[in-house]
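**Student:** So that we are looking at the same thing, I have put the structure below in structure tokens.
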Amino acid sequence: MTAIKHEQMTPKELAKWLKKEHEMVDALAATLSERVALVPRANEQAWIDGVRKAFEHFRAHMTKHIALEEQGGYMEPVIEQRAALEPQVARLKHEHKEIVALMHATHSLLEDLQPQDRLIMRDICHRVQDILRYVDHHTQSENMLLLSAFTDEIGTKD
């Protein structure tokens, strides 16, 4: 994606951009979720390789997604429209740092994971599922914030 200054976007363009990005995150999250649904009882190395690959795709996209959101000041139009929403915007921005930290810690565990590390496999499954829930909740919060700030401008038509 070309780096676009989000402050130059109209509210409708911003909402469409976020929707498209969130759809990509959802697709990667679905693939990753399938991978960590069950801890394997056999073929552990193949499972590890599959989880590493799916997690790395998800992590790379999320890291880029977060960087693009923050680089362009994606929530500046929200604050301009409704200054009272600034605390929620600050919370979402802080969550970006937390999500990146959680992904980094999980990535480190995955890098060292061996087929005999059954407890760590289980822990990674739980960690990844938690991260996916946090990202989903974060996405919902972003969407609700945009809707509450720009309901009149966005409307319900595409």
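Residue names in the structure tokens use chain letters A, B, ... in the order shown, residue numbers from 1 in each chain, and ligand numbers from 1 in the order shown.
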Please tabulate, as JSON lines, the residues of region 8-82 of chain A that come within 7 Å of region 128-148 of chain A, each with its closest pair of atoms and the distance in Å to one decimal, counting only C-alpha atoms and ordering rows by chain, then residue number upward.
**Tutor:**
```
{"residue": "A:Ala29", "atom": "CA", "partner": "A:Leu132", "partner_atom": "CA", "distance": 6.5}
{"residue": "A:Ser33", "atom": "CA", "partner": "A:Gln129", "partner_atom": "CA", "distance": 6.7}
{"residue": "A:Val78", "atom": "CA", "partner": "A:Leu146", "partner_atom": "CA", "distance": 6.7}
```
**Student:** So which residues of region 3-129 of chain A fall under alpha helix (DSSP H) by DSSP, listed as an MDAnalysis selection string?
**Tutor:** chainID A and resid 11:35 44:71 76:81 86:112 118:129
**Student:** Using only C-alpha atoms, which of the listed residues (A:Ala54, A:His126, A:Val89, A:Glu44) sits closest to Glu70 (chain A)?
**Tutor:** A:Val89
**Student:** Write out as a VMD selection string the residues lying within 9 Å of region 112-122 of chain A, counting only C-alpha atoms and excluding same-chain residues fewer than 2 positions away.
**Tutor:** chain A and resid 36 38 to 40 43 to 45 47 to 48 107 to 110 124 to 127
**Student:** Keeping only N, CA, C and O atoms, write the selected residues to a file as a compact mmCIF listing (two decimals), in the first residue's frame.
**Tutor:**
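Saved result, selection.txt, follows:
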```txt
# COMPACT_ATOMS: atom_id res chain seq x y z
N VAL A 36 -3.79 -22.60 15.44
CA VAL A 36 -3.57 -22.75 16.89
C VAL A 36 -4.81 -23.28 17.60
O VAL A 36 -4.88 -23.27 18.83
N LEU A 38 -5.79 -26.33 17.90
CA LEU A 38 -5.47 -27.56 18.63
C LEU A 38 -3.96 -27.75 18.68
O LEU A 38 -3.26 -27.48 17.71
N VAL A 39 -3.49 -28.26 19.81
CA VAL A 39 -2.09 -28.64 19.93
C VAL A 39 -1.96 -30.03 19.29
O VAL A 39 -2.77 -30.91 19.56
N PRO A 40 -0.97 -30.21 18.44
CA PRO A 40 -0.85 -31.50 17.75
C PRO A 40 -0.42 -32.63 18.68
O PRO A 40 0.23 -32.41 19.69
N ASN A 43 3.32 -35.12 14.38
CA ASN A 43 3.81 -34.17 13.36
C ASN A 43 4.00 -32.77 13.95
O ASN A 43 3.63 -31.77 13.33
N GLU A 44 4.61 -32.73 15.12
CA GLU A 44 4.78 -31.46 15.82
C GLU A 44 5.60 -30.45 15.02
O GLU A 44 5.28 -29.27 15.01
N GLN A 45 6.65 -30.91 14.35
CA GLN A 45 7.48 -29.98 13.60
C GLN A 45 6.71 -29.33 12.46
O GLN A 45 6.84 -28.13 12.22
N TRP A 47 3.53 -28.78 12.48
CA TRP A 47 2.64 -27.82 13.14
C TRP A 47 3.39 -26.55 13.50
O TRP A 47 2.92 -25.44 13.24
N ILE A 48 4.57 -26.71 14.09
CA ILE A 48 5.40 -25.56 14.46
C ILE A 48 5.69 -24.70 13.24
O ILE A 48 5.54 -23.48 13.26
N HIS A 107 6.55 -14.20 19.13
CA HIS A 107 7.50 -14.52 18.05
C HIS A 107 8.77 -15.14 18.63
O HIS A 107 9.28 -16.14 18.10
N SER A 108 9.27 -14.56 19.72
CA SER A 108 10.48 -15.09 20.35
C SER A 108 10.28 -16.53 20.84
O SER A 108 11.15 -17.38 20.65
N LEU A 109 9.13 -16.79 21.45
CA LEU A 109 8.83 -18.16 21.89
C LEU A 109 8.76 -19.12 20.70
O LEU A 109 9.27 -20.23 20.76
N LEU A 110 8.12 -18.67 19.64
CA LEU A 110 7.98 -19.52 18.45
C LEU A 110 9.34 -19.83 17.82
O LEU A 110 9.55 -20.94 17.32
N ILE A 124 1.64 -21.16 23.62
CA ILE A 124 1.62 -20.36 22.39
C ILE A 124 0.20 -20.33 21.82
O ILE A 124 -0.26 -19.28 21.36
N CYS A 125 -0.49 -21.46 21.83
CA CYS A 125 -1.87 -21.48 21.34
C CYS A 125 -2.72 -20.46 22.11
O CYS A 125 -3.47 -19.68 21.51
N HIS A 126 -2.59 -20.47 23.43
CA HIS A 126 -3.36 -19.53 24.25
C HIS A 126 -2.94 -18.09 23.98
O HIS A 126 -3.80 -17.20 23.86
N ARG A 127 -1.66 -17.85 23.88
CA ARG A 127 -1.15 -16.49 23.62
C ARG A 127 -1.68 -15.96 22.28
O ARG A 127 -2.13 -14.83 22.20
```
**Student:** Quick one: residues within 9 Å of Met62 (chain A), only C-alpha atoms counted, chain neighbours fewer than 3 positions away excluded, as a list in words?
**Tutor:** Val25, His57, Phe58, Arg59, His65, Ile66, Ala67, Ile99 and Val100 of chain A
**Student:** So what do you get for CA of Thr31 (chain A) versus CA of Lys53 (chain A), distance-wise?
**Tutor:**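 Calculated distance between CA of Thr31 (chain A) and CA of Lys53 (chain A) is 10.3 Å.
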**Student:** Of the candidates A:Met103, A:Pro77, A:Ala90, A:Met24, which one gets nearest to Lys12 (chain A) if we count only C-alpha atoms?
**Tutor:**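 Closest to Lys12 (chain A) of all the choices is A:Pro77.
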